[in-house]
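Novice: Sharing a structure below in structure tokens format, with a few things to ask.
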Amino acid sequence: MLAIAECFCAPGAGSYEIRPGWSLFLRGCKLIQHRSPLRHIDFHLIQYYALSSEYLMQSELLYDASRAVSTAAQLAMRARLNEERVWNTLPEQDIKNRKRLWWTIYFLDRKISQRTGSPYVIRDTEIALSEFVQGPTTKTDRYMQVLVDLGKLWSLIWDTFFAASAPKPQDWKEVELMDTRILMVQRELASELSWDTNLLNRVYMAQEEQEPCVRRRLAIFIRLNLLRLTIRQNPIQKHQGTRCYSICVSLASETVEAIAAFTESCQSVIPCGFFFCTALLECIYHLILCMQTIPTEKEYEASVQSFRLAYQLLERFSQVLDTAERALRALNSVISLAAITNSHSPDQGSSPLCQSEQAPAVNLNFNVPETIDFFDPTSWQIDDIPLDVVALISSMGDNPVDDTALGGNREQSPAPDSYIWDCEYGVASTIMNV
């Protein structure tokens with residue numbers, strides 16, 4: 001928990017740390033080694049692995065986060081947290097705690113699956129547990145129910161579009177049906193969980209709503225928009241339909257503008273920095289695909305404007321967030337693959353990023369110190385430090401961990417070929433994994 005706190009609050013890793021909270025996380029790993037084997041399961045052990053998965057995801061160690069949430073899910077099922085009838089005679093607070101823990105693990109499982117593009121672990125058929133819609137609910141319970149709904153939406157999206165048995169190419173009827181399901185969740189949001197960018201200053205901030213509550217609104221809005229984008233511009237589909245580009249430009253633009261508005265109104269983006277950076281990269285991916293299709297002039301101009309704004313936000317975030325700095329490096333590497341500078345609108349022959357009096361172009365030369373092959377998983381990418389706890393701790397000794405110490409104990413990361421973002425689109429294979 002302390003490692004997560006440092007990850008969310010610190011302006012960057014100390015000079016002696018690889019990532020914010022890394023030394024605290026390693027201490028937790030070392031303490032777990034002194035525990036008895038996993039035959040003896042308790043509530044706190046499950047919480048530990050759930051928190052570990054969140055920390056690892058925020059630290060961009062996604063494959064290790066996937067392993068941690070898988071362990072949490074297995075332990076939770078062995079403790080039968082997924083069967084409410086086993087513990088429904090406990091005191092009310094204990095029931096509530098177990099219920100919230102299970103659904104938190106469920107959401108983390110789906111969230112990490114979405115980020116890595118790998119299958120989720122927990123099957124819905126293994127859950128015999130009520131949700132949070134029955135009876136009087138608190139604000140926390142209403143928020144938890146939205147997380148459950150988001151998790152279930154991703155289950156349906158994965159099974160329909162990404163699973164091995166999913167039809168290829170995708171059926172556009174299924175896309176429309178899935179979009180309707182997403183919109184239903186959005187329309188049923190409680191008033192304290194809905195988002196409207198135009199109301200940020202006039203209502204949310206004017207009424208002195210606490211910043212975490214505003215972030216909660218925005219996070220739900222962004223997640224729903226990204227789901228709607230993903231089902232339309234499926235990264236494993238080799239051919240995209242033209243009917244989706246207009247709404248994709250609109251959704252990506254709304255998302256980028258919402259992040260920009262929040263950034264201007266709130267004091268710090270660090271607590272949601274990783275989420276914002278990955279959301280901006282996903283929007284850039286979708287905008288690039290739209291710009292490559294020679295859209296209408298209006299769509300083209302909107303795409304260019306949103307692309308510039310997203311880049312400027314990442315540049316601003318990079319001053320305090322390592323994730324944003326790596327995102328800029330990734331963009332520097334793949335921008336030529338996206339062929340943005342060779343794109344053109346129906347009525348304009350020049351690049352959208354060329355200099356003009358009306359809209360000065362963003363300089364895409366990021367001046368990285370050395371040439372980096374961003375398709376090499378042994379370079380800067382998220383799996384640069386696979387979490388072999390024993391090897392890490394043994395290499396740590398009495399000194400702070402650094403990259404040199406880790407080099408001799410490094411294990412090969414899983415081949416990325418099995419993940420949906422690693423496809424023929426060069427942009428997707430790199431920026432979607434940041």
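Here's how to read the names in the structure tokens: chain A, B, ... by the order shown, residue numbers from 1 in each chain, ligand numbers from 1 in the order shown.
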Need to verify the contact set: Val249 in chain A, 9 Å, only C-alpha atoms, exclusion of same-chain residues closer than 2 positions in sequence. Can you return it as an mmCIF file with C-alpha atoms, in the first residue's frame?
Specialist:
data_model
loop_
_atom_site.group_PDB
_atom_site.id
_atom_site.type_symbol
_atom_site.label_atom_id
_atom_site.label_comp_id
_atom_site.auth_asym_id
_atom_site.auth_seq_id
_atom_site.Cartn_x
_atom_site.Cartn_y
_atom_site.Cartn_z
ATOM 1 C CA CYS A 244 -16.825 4.128 -37.942
ATOM 2 C CA TYR A 245 -14.316 6.907 -38.571
ATOM 3 C CA SER A 246 -16.561 9.880 -37.839
ATOM 4 C CA ILE A 247 -17.613 8.642 -34.403
ATOM 5 C CA LEU A 251 -14.848 9.968 -29.188
ATOM 6 C CA ALA A 252 -11.066 10.414 -29.285
ATOM 7 C CA SER A 253 -11.397 14.205 -29.433
ATOM 8 C CA GLU A 254 -13.840 14.268 -26.506
ATOM 9 C CA CYS A 283 -6.616 8.125 -28.660
ATOM 10 C CA HIS A 286 -7.328 5.787 -33.222
ATOM 11 C CA LEU A 287 -6.751 9.284 -34.603
ATOM 12 C CA CYS A 290 -8.696 7.871 -39.045
ATOM 13 C CA GLU A 299 -12.944 14.943 -39.571
ATOM 14 C CA TYR A 300 -9.421 15.528 -40.813
ATOM 15 C CA ALA A 302 -10.563 17.548 -35.868
ATOM 16 C CA SER A 303 -8.131 14.603 -35.937
ATOM 17 C CA SER A 306 -6.767 16.415 -31.213
#
Novice: What lies within 7 Å of range 213-221 of chain A using only C-alpha atoms, ignoring chain neighbours under 5 positions off, as an MDAnalysis selection string?
Specialist: chainID A and resid 193:195
Novice: Generate the output file for the selected residues, all heavy atoms, as a short mmCIF file (atom, residue, chain, number, x, y, z; two decimals), in the first residue's frame.
Specialist:
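Final output, saved to selection20.cif:
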data_model
loop_
_atom_site.label_atom_id
_atom_site.label_comp_id
_atom_site.auth_asym_id
_atom_site.auth_seq_id
_atom_site.Cartn_x
_atom_site.Cartn_y
_atom_site.Cartn_z
N LEU A 193 -21.36 10.27 -10.61
CA LEU A 193 -20.37 9.52 -11.39
C LEU A 193 -20.37 9.89 -12.87
O LEU A 193 -19.53 9.40 -13.61
CB LEU A 193 -20.64 8.02 -11.24
CG LEU A 193 -20.51 7.45 -9.83
CD1 LEU A 193 -20.93 5.99 -9.80
CD2 LEU A 193 -19.09 7.62 -9.30
N SER A 194 -21.28 10.74 -13.29
CA SER A 194 -21.34 11.13 -14.69
C SER A 194 -20.39 12.30 -14.95
O SER A 194 -20.03 13.04 -14.03
CB SER A 194 -22.76 11.51 -15.10
OG SER A 194 -23.21 12.60 -14.33
N TRP A 195 -20.00 12.46 -16.21
CA TRP A 195 -19.03 13.51 -16.56
C TRP A 195 -19.53 14.31 -17.73
O TRP A 195 -20.06 13.78 -18.71
CB TRP A 195 -17.68 12.89 -16.92
CG TRP A 195 -16.70 13.87 -17.51
CD1 TRP A 195 -16.56 14.21 -18.83
CD2 TRP A 195 -15.73 14.64 -16.80
NE1 TRP A 195 -15.57 15.14 -18.98
CE2 TRP A 195 -15.04 15.42 -17.75
CE3 TRP A 195 -15.40 14.74 -15.45
CZ2 TRP A 195 -14.01 16.29 -17.39
CZ3 TRP A 195 -14.37 15.60 -15.10
CH2 TRP A 195 -13.69 16.36 -16.05
#
